[in-house]
Each structure stands twice: as structure tokens, then as C-alpha cells.
>>> print(open('run_32.txt').read())   # compact mmCIF, C-alpha atoms
# COMPACT_ATOMS: atom_id res chain seq x y z
CA MET A 1 140.36 52.11 135.53
CA HIS A 2 138.98 50.16 138.50
CA ARG A 3 139.98 51.81 141.78
CA LEU A 4 139.08 50.86 145.34
CA THR A 5 139.67 52.99 148.43
CA ALA A 6 139.98 52.20 152.11
CA ASN A 7 137.50 50.06 154.05
CA ARG A 8 135.59 48.79 151.05
CA LEU A 9 134.94 45.18 150.10
CA ILE A 10 134.01 44.28 146.54
CA PHE A 11 132.80 40.84 145.40
CA ALA A 12 132.60 39.76 141.75
CA GLY A 13 131.21 36.46 140.59
CA TRP A 14 132.98 35.74 137.31
CA LEU A 15 135.95 33.36 137.58
CA LEU A 16 138.69 33.00 134.98
CA LEU A 17 139.11 29.27 135.57
CA LEU A 18 140.20 27.02 132.73
CA SER A 19 137.81 24.39 131.44
CA PRO A 20 139.73 22.30 128.92
CA PRO A 21 137.98 20.52 126.06
CA GLN A 22 136.85 16.96 126.67
CA HIS A 23 137.07 14.72 123.60
CA GLY A 24 137.45 10.99 123.39
CA THR A 25 139.40 10.51 126.64
CA SER A 26 139.13 12.04 130.07
CA ALA A 27 141.33 15.10 130.49
CA SER A 28 142.76 16.72 133.59
CA ALA A 29 144.03 20.27 133.63
CA ALA A 30 147.48 21.21 134.85
CA THR A 31 146.52 24.90 134.90
CA VAL A 32 143.73 25.65 137.36
CA LEU A 33 143.79 29.44 137.05
CA TYR A 34 145.35 31.95 134.69
CA CYS A 35 144.74 35.62 135.45
CA PRO A 36 146.27 38.40 133.30
CA PHE A 37 144.83 41.04 135.69
CA ASP A 38 143.15 42.97 132.89
CA SER A 39 140.20 43.39 135.28
CA LEU A 40 139.23 42.56 138.86
CA ARG A 41 136.47 40.17 137.83
CA GLY A 42 136.49 37.05 139.97
CA TRP A 43 138.38 38.70 142.84
CA SER A 44 137.19 40.10 146.15
CA VAL A 45 139.26 43.05 147.34
CA ARG A 46 139.77 43.52 151.09
CA THR A 47 141.19 46.83 152.29
CA VAL A 48 142.03 48.17 155.74
CA GLY A 49 143.46 51.66 156.24
CA ALA A 50 144.83 53.99 153.58
CA THR A 51 145.12 51.71 150.54
CA THR A 52 144.21 51.57 146.85
CA ALA A 53 143.81 48.87 144.20
CA ALA A 54 143.49 49.67 140.50
CA ILE A 55 143.82 48.14 137.05
CA VAL A 56 146.46 50.19 135.20
CA GLU A 57 148.25 50.18 131.85
CA ASN A 58 151.55 48.31 131.78
CA SER A 59 154.63 49.41 129.84
CA ASP A 60 153.85 46.92 127.04
CA ARG A 61 150.32 48.36 126.71
CA SER A 62 148.79 45.41 128.52
CA ARG A 63 147.08 45.77 131.88
CA CYS A 64 148.05 44.76 135.40
CA VAL A 65 146.83 45.43 138.92
CA GLU A 66 148.50 48.08 141.09
CA VAL A 67 148.10 48.09 144.86
CA ALA A 68 149.39 50.71 147.29
CA SER A 69 149.36 50.94 151.07
CA SER A 70 150.34 53.46 153.70
CA ARG A 71 150.77 50.90 156.50
CA GLY A 72 147.38 49.40 155.71
CA THR A 73 146.28 46.11 154.11
CA VAL A 74 144.99 45.54 150.57
CA LEU A 75 144.49 41.95 149.48
CA LEU A 76 142.92 40.50 146.34
CA SER A 77 141.33 37.13 147.19
CA ARG A 78 139.63 34.26 145.41
CA GLU A 79 138.81 30.66 146.25
CA LEU A 80 140.23 27.83 144.18
CA PRO A 81 138.04 24.88 143.11
CA LEU A 82 138.56 22.01 145.54
CA ALA A 83 137.97 19.30 142.96
CA ASP A 84 140.98 20.53 140.97
CA VAL A 85 143.46 21.06 143.83
CA ARG A 86 142.82 18.48 146.55
CA GLY A 87 145.40 15.79 147.11
CA GLY A 88 148.20 17.19 144.96
CA SER A 89 150.93 19.79 144.74
CA LEU A 90 150.02 23.31 143.67
CA THR A 91 152.45 25.88 142.23
CA VAL A 92 151.53 29.58 142.34
CA THR A 93 153.53 31.91 140.07
CA CYS A 94 153.06 35.63 139.41
CA SER A 95 154.96 38.47 137.74
CA VAL A 96 155.54 41.13 140.38
CA LYS A 97 157.05 44.63 140.53
CA SER A 98 157.62 46.40 143.87
CA GLN A 99 158.39 49.96 144.94
CA GLN A 100 159.69 50.94 148.38
CA ILE A 101 157.83 48.25 150.31
CA VAL A 102 158.73 48.59 153.99
CA ARG A 103 157.95 45.71 156.32
CA GLY A 104 155.33 46.41 158.97
CA PRO A 105 155.19 45.26 162.60
CA GLN A 106 155.00 41.51 161.92
CA LEU A 107 157.18 39.11 159.91
CA SER A 108 154.22 38.65 157.59
CA SER A 109 153.70 42.42 157.10
CA THR A 110 155.02 42.50 153.51
CA GLY A 111 154.04 42.24 149.91
CA LYS A 112 152.97 38.65 149.24
CA LEU A 113 151.43 35.82 147.34
CA HIS A 114 149.56 33.83 149.97
CA LEU A 115 147.54 30.62 150.08
CA ALA A 116 145.36 29.67 153.06
CA ILE A 117 144.21 26.04 153.27
CA ARG A 118 141.47 25.12 155.71
CA THR A 119 141.27 21.49 156.84
CA PRO A 120 139.48 19.83 159.80
CA GLN A 121 142.73 20.35 161.75
CA GLY A 122 142.88 24.12 161.16
CA ILE A 123 144.34 26.61 158.68
CA ASP A 124 147.77 26.33 157.04
CA HIS A 125 149.48 29.35 155.46
CA HIS A 126 151.83 29.24 152.46
CA TYR A 127 153.40 32.24 150.80
CA ALA A 128 156.06 34.11 148.87
CA ARG A 129 156.93 37.41 150.58
CA PHE A 130 158.82 40.40 149.24
CA THR A 131 159.92 43.89 150.32
CA GLY A 132 161.98 46.75 148.88
CA THR A 133 162.11 47.91 145.26
CA ALA A 134 162.48 45.55 142.31
CA ASP A 135 161.60 45.56 138.61
CA TRP A 136 159.36 42.88 137.11
CA HIS A 137 160.31 39.41 138.34
CA GLN A 138 158.71 36.10 139.26
CA GLU A 139 157.46 35.32 142.75
CA ALA A 140 156.40 31.70 143.26
CA PHE A 141 155.95 28.83 145.71
CA THR A 142 154.73 25.23 145.77
CA VAL A 143 152.37 23.72 148.35
CA ASP A 144 150.82 20.32 149.07
CA VAL A 145 147.05 20.50 149.33
CA PRO A 146 145.66 17.81 151.69
CA ALA A 147 142.98 15.48 150.37
CA ASP A 148 140.67 16.63 153.18
CA ALA A 149 141.01 20.36 152.37
CA GLN A 150 137.72 22.18 152.94
CA ARG A 151 138.60 25.56 151.40
CA VAL A 152 141.61 26.94 149.54
CA LEU A 153 141.93 30.73 149.36
CA LEU A 154 144.47 32.62 147.25
CA ASN A 155 145.52 36.16 148.30
CA VAL A 156 147.85 38.65 146.62
CA GLY A 157 148.71 42.16 147.77
CA LEU A 158 150.18 44.11 150.68
CA GLU A 159 149.58 43.31 154.35
CA SER A 160 150.12 45.90 157.11
CA CYS A 161 153.04 47.55 155.37
CA PHE A 162 154.04 50.64 153.41
CA GLY A 163 154.71 50.66 149.65
CA ARG A 164 153.39 49.86 146.20
CA ALA A 165 153.26 46.67 144.10
CA TRP A 166 152.09 45.53 140.68
CA PHE A 167 150.87 42.01 139.83
CA ASP A 168 150.51 40.47 136.37
CA ARG A 169 149.99 37.04 134.76
CA LEU A 170 149.22 34.95 137.79
CA ILE A 171 149.20 31.18 137.18
CA VAL A 172 148.07 28.39 139.49
CA ARG A 173 149.07 24.93 138.29
CA THR A 174 148.80 21.42 139.72
CA ASP A 175 151.33 18.61 139.42
CA ARG A 176 149.03 16.76 137.04
CA ARG A 177 149.75 16.32 133.35
CA GLY A 178 147.06 17.86 131.16
CA VAL A 179 146.34 15.90 127.96
CA HIS A 180 143.65 17.23 125.60
CA PRO A 181 142.86 15.57 122.25
CA LEU A 182 141.12 18.25 120.18
CA ASP A 183 137.88 17.86 118.27
CA LEU A 184 138.58 18.42 114.55
CA SER A 185 135.20 17.23 113.28
CA HIS A 186 133.97 20.75 112.48
CA VAL A 187 136.99 21.48 110.24
CA ALA A 188 137.26 18.04 108.60
CA ASN A 189 136.78 18.36 104.85
CA ALA A 190 137.63 14.98 103.30
CA ASP A 191 136.98 11.27 103.62
CA HIS A 192 140.14 9.17 103.45
CA GLY A 193 138.60 7.20 100.60
CA GLN A 194 138.54 10.39 98.53
CA LEU A 195 142.27 10.62 99.07
CA GLN A 196 142.75 7.04 97.84
CA LEU A 197 144.12 5.92 101.17
CA ALA A 198 143.37 2.20 101.35
CA ALA A 199 144.48 1.99 105.00
CA PHE A 200 143.50 4.52 107.67
CA PRO A 201 143.49 4.56 111.50
CA GLU A 202 140.25 4.39 113.47
CA GLY A 203 139.33 5.30 117.04
CA SER A 204 142.43 6.34 118.93
CA VAL A 205 146.15 6.24 118.27
CA LYS A 206 148.72 6.49 121.06
CA TRP A 207 152.32 7.56 120.47
CA GLN A 208 154.79 7.90 123.35
CA ASN A 209 152.03 8.41 125.91
CA VAL A 210 150.27 11.01 123.75
CA PRO A 211 146.76 9.92 122.68
CA PHE A 212 145.19 11.07 119.42
CA GLN A 213 141.48 10.87 118.70
CA ILE A 214 140.71 10.08 115.06
CA ILE A 215 137.50 11.67 113.78
CA GLU A 216 134.62 9.20 113.85
CA PRO A 217 132.27 10.03 110.93
CA ALA A 218 128.56 9.69 111.60
CA GLN A 219 128.03 8.14 108.17
CA PRO A 220 130.36 6.32 105.77
CA GLN A 221 132.03 8.82 103.44
CA ASP A 222 131.55 11.67 105.94
CA PRO A 223 134.76 13.67 106.47
CA ASP A 224 137.33 12.04 108.78
CA CYS A 225 140.40 14.20 108.13
CA LEU A 226 141.53 17.67 107.14
CA ARG A 227 143.22 18.20 103.77
CA LEU A 228 144.75 21.41 102.42
CA LYS A 229 145.81 22.41 98.97
CA GLY A 230 149.24 21.68 97.53
CA ILE A 231 151.12 21.67 94.25
CA GLU A 232 149.25 18.58 93.07
CA HIS A 233 145.85 19.78 94.34
CA PRO A 234 145.64 23.59 93.93
CA ASP A 235 141.82 23.52 94.06
CA TRP A 236 141.64 22.17 97.62
CA PRO A 237 140.99 24.51 100.60
CA ALA A 238 143.90 26.73 101.57
CA THR A 239 142.96 27.13 105.26
CA THR A 240 140.87 25.59 108.02
CA ALA A 241 137.23 26.53 107.61
CA ALA A 242 137.06 27.80 111.21
CA PRO A 243 139.35 28.12 114.24
CA ILE A 244 139.93 24.92 116.23
CA PRO A 245 138.91 25.60 119.87
CA VAL A 246 141.55 24.78 122.51
CA ASN A 247 140.83 26.82 125.70
CA THR A 248 143.64 25.42 127.79
CA SER A 249 147.31 26.09 128.47
CA ALA A 250 149.96 23.98 126.74
CA THR A 251 153.64 23.22 126.78
CA ALA A 252 153.46 21.28 123.51
CA ILE A 253 151.08 20.59 120.62
CA TYR A 254 151.32 17.25 118.82
CA ILE A 255 150.08 16.93 115.23
CA LEU A 256 149.34 13.56 113.58
CA HIS A 257 149.66 14.11 109.84
CA GLY A 258 151.34 13.25 106.54
CA ALA A 259 151.90 14.71 103.06
CA LEU A 260 150.19 13.13 100.06
CA ALA A 261 153.24 13.38 97.79
CA LYS A 262 156.87 12.72 98.56
CA GLN A 263 159.22 15.62 97.93
CA GLY A 264 162.70 16.49 99.07
CA THR A 265 163.46 18.90 101.89
CA SER A 266 162.09 22.32 100.96
CA ASP A 267 163.14 25.85 101.88
CA SER A 268 159.47 26.85 102.03
CA PRO A 269 156.90 25.42 104.48
CA CYS A 270 154.05 23.38 103.07
CA VAL A 271 151.74 24.41 105.92
CA MET A 272 151.78 27.06 108.65
CA TRP A 273 149.99 26.77 111.99
CA ASN A 274 148.90 29.66 114.18
CA ALA A 275 147.93 29.70 117.87
CA THR A 276 145.87 32.54 119.36
CA PHE A 277 146.35 33.08 123.09
CA LEU A 278 144.25 34.74 125.74
CA GLY A 279 145.04 38.44 125.47
CA GLY A 280 145.31 38.37 121.67
CA HIS A 281 148.93 37.26 121.28
CA THR A 282 149.70 34.81 118.47
CA GLU A 283 152.45 32.28 117.86
CA GLY A 284 153.23 30.53 114.59
CA PHE A 285 154.73 27.17 113.63
CA SER A 286 155.97 26.37 110.13
CA VAL A 287 155.94 22.79 108.84
CA PHE A 288 158.62 21.95 106.26
CA GLN A 289 158.45 18.79 104.21
CA GLY A 290 161.39 16.52 104.84
CA ARG A 291 161.73 17.85 108.40
CA GLU A 292 158.37 18.41 110.19
CA ILE A 293 156.25 16.29 107.86
CA GLY A 294 156.89 13.17 105.84
CA ALA A 295 154.98 11.62 102.99
CA VAL A 296 152.16 9.17 103.64
CA GLY A 297 154.03 5.89 103.24
CA GLU A 298 157.36 7.24 104.53
CA THR A 299 158.81 4.63 106.89
CA GLU A 300 161.82 6.54 108.23
CA ASP A 301 161.61 9.11 111.01
CA LEU A 302 162.55 12.69 110.19
CA GLN A 303 164.01 15.46 112.35
CA ASN A 304 160.63 16.39 113.86
CA TRP A 305 158.26 13.80 112.42
CA ARG A 306 158.09 10.36 113.99
CA VAL A 307 156.18 7.51 112.38
CA ALA A 308 153.31 6.81 114.77
CA TRP A 309 150.94 4.64 112.73
CA ARG A 310 151.58 2.24 109.85
CA ARG A 311 149.55 -0.39 108.01
CA PRO A 312 150.00 -2.10 104.65
CA ASP A 313 147.36 -1.56 101.99
CA SER A 314 145.93 -4.45 99.94
CA SER A 315 149.04 -4.54 97.77
CA GLY A 316 151.39 -4.58 100.76
CA LYS A 317 152.50 -0.98 100.30
CA PRO A 318 152.88 0.81 103.67
CA VAL A 319 150.56 3.64 104.65
CA THR A 320 152.03 5.78 107.42
CA PHE A 321 151.30 8.90 109.42
CA GLY A 322 153.70 10.64 111.76
CA VAL A 323 153.71 12.97 114.77
CA THR A 324 155.25 16.43 114.90
CA ARG A 325 155.88 18.27 118.16
CA TRP A 326 155.27 22.03 118.39
CA THR A 327 156.84 23.41 121.57
CA VAL A 328 154.84 26.25 123.13
CA TYR A 329 156.63 28.91 125.17
CA ASN A 330 153.73 31.25 125.94
CA THR A 331 152.23 30.49 129.36
CA ALA A 332 148.84 32.03 128.56
CA PRO A 333 145.98 29.69 127.66
CA ILE A 334 145.54 28.96 123.95
CA LEU A 335 142.12 29.98 122.70
CA SER A 336 142.29 28.41 119.24
CA LEU A 337 144.45 26.98 116.46
CA SER A 338 144.29 27.41 112.71
CA CYS A 339 146.45 26.32 109.78
CA GLN A 340 146.93 27.23 106.15
CA ALA A 341 148.72 25.71 103.17
CA TYR A 342 151.71 27.57 101.83
CA HIS A 343 153.86 25.77 99.24
CA GLY A 344 154.55 22.11 98.59
CA ALA A 345 152.66 18.83 98.85
CA SER A 346 149.12 18.65 100.20
CA PRO A 347 149.08 17.95 103.96
CA VAL A 348 146.52 15.59 105.51
CA ILE A 349 145.85 16.19 109.22
CA LEU A 350 144.24 13.40 111.21
CA ALA A 351 144.39 14.61 114.82
CA VAL A 352 145.87 17.21 117.18
CA THR A 353 146.55 16.78 120.90
CA VAL A 354 147.49 19.56 123.32
CA VAL A 355 149.69 18.59 126.29
CA GLU A 356 150.57 20.61 129.37
CA GLU A 357 153.40 19.18 131.43
CA PRO A 358 153.34 20.02 135.16
CA PRO A 359 155.63 22.82 136.35
CA PRO A 360 158.84 22.13 138.29
CA LEU A 361 158.25 22.01 142.03
CA LEU A 362 159.50 25.04 143.98
CA GLN A 363 160.37 25.59 147.63
CA LYS A 364 157.50 24.74 149.94
CA THR A 365 156.64 27.06 152.83
CA ILE A 366 154.33 26.44 155.75
CA GLU A 367 154.23 28.34 159.04
CA PRO A 368 151.66 30.36 161.01
CA GLU A 369 151.06 33.88 159.74
CA SER A 370 151.31 36.24 162.69
CA GLY A 371 149.50 39.18 161.09
CA GLU A 372 145.89 39.91 160.27
CA LEU A 373 145.46 36.63 158.36
CA ASP A 374 146.40 34.49 161.35
CA GLU A 375 143.00 33.86 162.84
CA GLY A 376 140.86 33.29 159.78
CA GLY A 377 143.30 32.94 156.90
CA GLY A 378 141.37 35.59 155.03
CA PHE A 379 138.24 33.40 154.85
CA GLN A 380 135.02 35.35 155.12
>>> encode(input="run_32.txt", output="C-alpha cells")
Amino acid sequence: MHRLTANRLIFAGWLLLLSPPQHGTSASAATVLYCPFDSLRGWSVRTVGATTAAIVENSDRSRCVEVASSRGTVLLSRELPLADVRGGSLTVTCSVKSQQIVRGPQLSSTGKLHLAIRTPQGIDHHYARFTGTADWHQEAFTVDVPADAQRVLLNVGLESCFGRAWFDRLIVRTDRRGVHPLDLSHVANADHGQLQLAAFPEGSVKWQNVPFQIIEPAQPQDPDCLRLKGIEHPDWPATTAAPIPVNTSATAIYILHGALAKQGTSDSPCVMWNATFLGGHTEGFSVFQGREIGAVGETEDLQNWRVAWRRPDSSGKPVTFGVTRWTVYNTAPILSLSCQAYHGASPVILAVTVVEEPPPLLQKTIEPESGELDEGGGFQ
């Protein structure tokens, strides 16, 4: 347990800021910050009066931060990177639980999520405020960050009020679309010539505004795709040789792939994917032939497999690969992906791209804070 008492100020230098993989094309991140509050690393804690701040166990055995105040102030603060937030909209969302929070002497004397933006013209305040008692719920707001912003400071906690609050899974996201083609070179295990594919994409493939980066082998006959075992090739690898690093949040994962043999719709998946999230949670995705994957050479779209690349081979026979969409519901960043063969035809995976769509815009608030943050916005 990390506990702070009155009139102490703690600074920690480690920031949990997302740095998405760069591969092939430039990538911008929609998620600037994800904090599960399993520690206070990266936060400075400012306390005035009789207050506490501690990392505690949550009901689901995860951790969160608990703050309490007896008409004092306890704020957790951290600066956001200007390069990622200037000139766009920013949405701050956090899971919050409150207990008997009584407003203090000012309108701003409440529990809050708060953002202070310093520009040459002064300091603007944006916030979501709450009082009373409530079980876990979302508090959130959207702000516009000026292009000339000099500092952007995020605060969460209690200001000049009485009560107790818990904060968990804080997310700061921009209005930019994050697109991240993943690097599969370290898990590639076959050259397309070995698979007797006379036509094969090179460089990049774009499908419905989703770019895919095809592996570029250093030497001819070096691996340029990932193959897994199937009914016709039981001696091929059953799983990826290593996890595929992701290290970014996602709303969808797009897989460019095809099956080497054509079979009818199966009741068993031919391949199963697994995503590991920050915090250790996992999420699976099963790929069924005839629905989420079609055969190489299939020219008709399936339920969740759209033909994205096609070329004729020397005999005029079409060679095709399609895209499957895996919708992601977990808001935590994905650390890595892996996949394994299960039952059916051998899958061939060419590329994977992770996409994070921007969040919906929420109500925007801007007005002077009349409490302790008014003069300096919390900036030290």
C-alpha cells in the first residue's frame, strides 16, 4: 500500500504513456495515457489539510487509488505531452466511486477530474465534478487544446471538500485515429514460394483506409509470411514462435490472411488468436473457415472476410487474400498478440494492423475555477 498524509508532496518520474509501434507508415496514437492506478508512479500528489491517498485492492482483486479528505485537498497530478495533445480535442474518462462527498465553500470544492491548460493568454480550466455517494461509474469530459498550449496538467482527486473517492482506469484520448501496422518479421516462418503461391503482394496493401505492411525479406527466399499447421500440413508449426508486440490501445484488429485449402464452413475454428492486455487480462478471437477466413483464390466475400488483394498467376488462376475484422472491447492497451492452429486448413497470415478509432466527443466545459486551483491551475 502507498499512503500519503497531509502536507506532503511526492514526485515520481515514471510515466505510463503509450508509445505505439512504428512500422512501414507513420502512426499517431489516439490514446495518450492509460492509467490503471495500480501504483502512483508518474503522479505527483499534492495534499493540504487532513487528507490521505493510497493504492488499495478493488473488489475484483485489481487495484485502484483511494483518496479521502476532511475538508482538505488531495490531488493527483501529471503533465501530458504537448506534442500529442496540442491542436486537437482531448477526452478524459475515468471510473469513479464516491462516498459522502460534501461540497466545500466554493463551486469547485468537489471531487473532480480536472485539466488545466496554460497558454500565452492565461490558464483555462476544464473538469468533471461530482459529489454525494455513488457506486462505480464513468466521469468524463472533452476539451479543445489550443495549438499554442504551453503546458497541460491533469488533476484527479478532492478539492477543499469532505468525503472519499476511488479512481480506476483513467484514459486520455485525442480525436486522432491511431493506425498501427504490426511488424511480423520475427514470427514469419515461410517464403511464399515454399507455399507454391505464384502471385504474392509486396510492400503495402490498403483496404478501406486500413494499411497493411507486407514483410519485406532481406534476402530472396527469406520468410515473408506466417503459416500454421492444418489438416494437409500437420508437420507445420502450431503456434507463433513468439508474441507479436502491440503496445497500444485498439478498437479493432485487422488480419490479412487466407487458407491454403478450400473447405466448407466448419463448426471448429482453424485458428485462434489471443490478445494480452495491460494488467494481464486476455481476449480471444476464433477464426472459422467459410466465415472469418476464405481460401487463397476465393473471389467471393464471406461474412467476416473481405477480398482485399487479388492477382492472377501465370495460368490466369486468381490468387486472393482477404481481411478479417476483430472488434476489441477492452479499453486497456494491448501488450501482444499470438495465434495457434486448431482444426482445418492451414492459415497463411500476411499482415496485421491495429486501429484505434477516436472516442465520441463529450460535453465541453470551460470556466474559471474559484478554488485553490484558480491562480496557478495546479502548476508548480
>>> residues_around(input="run_32.txt", residues="Pro359 (chain A)", least_positions_apart="5", cutoff="10 Å", atoms="only C-alpha atoms", output="PyMOL selection string")
chain A and resi 30-31+90-92+142+172-177+251
>>> write_last_selection(input="run_32.txt", atoms="C-alpha atoms", output="PDB file, in the frame of the given file")
ATOM      1  CA  ALA A  30     147.480  21.210 134.850  1.00  0.00           C
ATOM      2  CA  THR A  31     146.520  24.900 134.900  1.00  0.00           C
ATOM      3  CA  LEU A  90     150.020  23.310 143.670  1.00  0.00           C
ATOM      4  CA  THR A  91     152.450  25.880 142.230  1.00  0.00           C
ATOM      5  CA  VAL A  92     151.530  29.580 142.340  1.00  0.00           C
ATOM      6  CA  THR A 142     154.730  25.230 145.770  1.00  0.00           C
ATOM      7  CA  VAL A 172     148.070  28.390 139.490  1.00  0.00           C
ATOM      8  CA  ARG A 173     149.070  24.930 138.290  1.00  0.00           C
ATOM      9  CA  THR A 174     148.800  21.420 139.720  1.00  0.00           C
ATOM     10  CA  ASP A 175     151.330  18.610 139.420  1.00  0.00           C
ATOM     11  CA  ARG A 176     149.030  16.760 137.040  1.00  0.00           C
ATOM     12  CA  ARG A 177     149.750  16.320 133.350  1.00  0.00           C
ATOM     13  CA  THR A 251     153.640  23.220 126.780  1.00  0.00           C
TER      14      THR A 251
END
>>> atom_distance(input="run_32.txt", atom1="CA of Thr52 (chain A)", atom2="CA of Leu76 (chain A)")
11.2 Å
>>> closest_residue(input="run_32.txt", among="A:Glu283, A:Asp144, A:Asp168, A:Asp135", to="Arg63 (chain A)", atoms="only C-alpha atoms")
A:Asp168
>>> closest_residue(input="run_32.txt", among="A:Gln263, A:Ser69, A:Thr133, A:Asn274", to="Phe288 (chain A)", atoms="all atoms listed in the file")
A:Gln263
>>> atom_distance(input="run_32.txt", atom1="CA of Tyr127 (chain A)", atom2="CA of Leu115 (chain A)")
6.1 Å
>>> atom_distance(input="run_32.txt", atom1="CA of Val307 (chain A)", atom2="CA of Thr331 (chain A)")
28.8 Å
>>> closest_residue(input="run_32.txt", among="A:Ala147, A:Leu158, A:Leu228, A:Ala54", to="Leu75 (chain A)", atoms="only C-alpha atoms")
A:Leu158
>>> residues_around(input="run_32.txt", residues="region 206-218 of chain A", least_positions_apart="3", cutoff="7 Å", atoms="only C-alpha atoms", output="count of residues only")
15
>>> closest_residue(input="run_32.txt", among="A:Ser44, A:His343, A:Gly322, A:Asp148", to="His233 (chain A)", atoms="all atoms listed in the file")
A:His343
>>> residues_around(input="run_32.txt", residues="Ser160 (chain A)", least_positions_apart="2", cutoff="9 Å", atoms="all atoms listed in the file", output="mmCIF file with C-alpha atoms, in the frame of the given file")
data_model
loop_
_atom_site.group_PDB
_atom_site.id
_atom_site.type_symbol
_atom_site.label_atom_id
_atom_site.label_comp_id
_atom_site.auth_asym_id
_atom_site.auth_seq_id
_atom_site.Cartn_x
_atom_site.Cartn_y
_atom_site.Cartn_z
ATOM 1 C CA VAL A 48 142.030 48.170 155.740
ATOM 2 C CA GLY A 49 143.460 51.660 156.240
ATOM 3 C CA SER A 69 149.360 50.940 151.070
ATOM 4 C CA SER A 70 150.340 53.460 153.700
ATOM 5 C CA ARG A 71 150.770 50.900 156.500
ATOM 6 C CA GLY A 72 147.380 49.400 155.710
ATOM 7 C CA THR A 73 146.280 46.110 154.110
ATOM 8 C CA VAL A 74 144.990 45.540 150.570
ATOM 9 C CA ARG A 103 157.950 45.710 156.320
ATOM 10 C CA GLY A 104 155.330 46.410 158.970
ATOM 11 C CA PRO A 105 155.190 45.260 162.600
ATOM 12 C CA GLN A 106 155.000 41.510 161.920
ATOM 13 C CA SER A 108 154.220 38.650 157.590
ATOM 14 C CA SER A 109 153.700 42.420 157.100
ATOM 15 C CA THR A 110 155.020 42.500 153.510
ATOM 16 C CA GLY A 111 154.040 42.240 149.910
ATOM 17 C CA LEU A 158 150.180 44.110 150.680
ATOM 18 C CA PHE A 162 154.040 50.640 153.410
ATOM 19 C CA GLY A 371 149.500 39.180 161.090
ATOM 20 C CA GLU A 372 145.890 39.910 160.270
#
>>> residues_around(input="run_32.txt", residues="Pro243 (chain A)", least_positions_apart="3", cutoff="6 Å", atoms="only C-alpha atoms", output="ChimeraX atom specification")
/A:336-338
>>> decode(input="run_32.txt", residues="region 244-261 of chain A", atoms="N, CA and C atoms", output="PDB file, in the first residue's frame")
ATOM      1  N   ILE A 244       3.571 -11.316 -30.621  1.00  0.00           N
ATOM      2  CA  ILE A 244       3.698 -10.189 -31.537  1.00  0.00           C
ATOM      3  C   ILE A 244       3.475  -8.908 -30.735  1.00  0.00           C
ATOM      4  N   PRO A 245       4.490  -8.060 -30.553  1.00  0.00           N
ATOM      5  CA  PRO A 245       4.312  -6.847 -29.739  1.00  0.00           C
ATOM      6  C   PRO A 245       3.296  -5.893 -30.353  1.00  0.00           C
ATOM      7  N   VAL A 246       2.471  -5.282 -29.505  1.00  0.00           N
ATOM      8  CA  VAL A 246       1.482  -4.303 -29.946  1.00  0.00           C
ATOM      9  C   VAL A 246       1.699  -2.976 -29.204  1.00  0.00           C
ATOM     10  N   ASN A 247       1.505  -2.984 -27.879  1.00  0.00           N
ATOM     11  CA  ASN A 247       1.781  -1.825 -27.014  1.00  0.00           C
ATOM     12  C   ASN A 247       0.994  -0.574 -27.403  1.00  0.00           C
ATOM     13  N   THR A 248      -0.261  -0.762 -27.711  1.00  0.00           N
ATOM     14  CA  THR A 248      -1.151   0.366 -27.949  1.00  0.00           C
ATOM     15  C   THR A 248      -2.583  -0.087 -27.722  1.00  0.00           C
ATOM     16  N   SER A 249      -3.486   0.860 -27.518  1.00  0.00           N
ATOM     17  CA  SER A 249      -4.900   0.528 -27.402  1.00  0.00           C
ATOM     18  C   SER A 249      -5.481   0.281 -28.785  1.00  0.00           C
ATOM     19  N   ALA A 250      -6.637  -0.373 -28.831  1.00  0.00           N
ATOM     20  CA  ALA A 250      -7.251  -0.699 -30.119  1.00  0.00           C
ATOM     21  C   ALA A 250      -8.753  -0.797 -29.971  1.00  0.00           C
ATOM     22  N   THR A 251      -9.454  -0.427 -31.022  1.00  0.00           N
ATOM     23  CA  THR A 251     -10.879  -0.722 -31.122  1.00  0.00           C
ATOM     24  C   THR A 251     -11.129  -1.859 -32.100  1.00  0.00           C
ATOM     25  N   ALA A 252     -10.143  -2.127 -32.972  1.00  0.00           N
ATOM     26  CA  ALA A 252     -10.275  -3.236 -33.918  1.00  0.00           C
ATOM     27  C   ALA A 252      -8.897  -3.701 -34.362  1.00  0.00           C
ATOM     28  N   ILE A 253      -8.805  -4.990 -34.668  1.00  0.00           N
ATOM     29  CA  ILE A 253      -7.600  -5.590 -35.231  1.00  0.00           C
ATOM     30  C   ILE A 253      -7.984  -6.173 -36.582  1.00  0.00           C
ATOM     31  N   TYR A 254      -7.212  -5.843 -37.611  1.00  0.00           N
ATOM     32  CA  TYR A 254      -7.490  -6.318 -38.965  1.00  0.00           C
ATOM     33  C   TYR A 254      -6.402  -7.303 -39.385  1.00  0.00           C
ATOM     34  N   ILE A 255      -6.818  -8.462 -39.870  1.00  0.00           N
ATOM     35  CA  ILE A 255      -5.896  -9.541 -40.228  1.00  0.00           C
ATOM     36  C   ILE A 255      -6.013  -9.805 -41.725  1.00  0.00           C
ATOM     37  N   LEU A 256      -4.889  -9.717 -42.440  1.00  0.00           N
ATOM     38  CA  LEU A 256      -4.828 -10.043 -43.867  1.00  0.00           C
ATOM     39  C   LEU A 256      -4.314 -11.468 -44.006  1.00  0.00           C
ATOM     40  N   HIS A 257      -5.166 -12.374 -44.484  1.00  0.00           N
ATOM     41  CA  HIS A 257      -4.805 -13.790 -44.460  1.00  0.00           C
ATOM     42  C   HIS A 257      -5.649 -14.591 -45.456  1.00  0.00           C
ATOM     43  N   GLY A 258      -5.344 -15.882 -45.553  1.00  0.00           N
ATOM     44  CA  GLY A 258      -6.104 -16.806 -46.379  1.00  0.00           C
ATOM     45  C   GLY A 258      -5.769 -18.232 -45.970  1.00  0.00           C
ATOM     46  N   ALA A 259      -6.627 -19.168 -46.344  1.00  0.00           N
ATOM     47  CA  ALA A 259      -6.398 -20.595 -46.054  1.00  0.00           C
ATOM     48  C   ALA A 259      -5.894 -21.277 -47.311  1.00  0.00           C
ATOM     49  N   LEU A 260      -4.950 -22.218 -47.147  1.00  0.00           N
ATOM     50  CA  LEU A 260      -4.327 -22.845 -48.309  1.00  0.00           C
ATOM     51  C   LEU A 260      -5.227 -23.842 -49.013  1.00  0.00           C
ATOM     52  N   ALA A 261      -6.231 -24.355 -48.346  1.00  0.00           N
ATOM     53  CA  ALA A 261      -7.145 -25.315 -48.966  1.00  0.00           C
ATOM     54  C   ALA A 261      -8.570 -24.841 -48.760  1.00  0.00           C
TER      55      ALA A 261
END
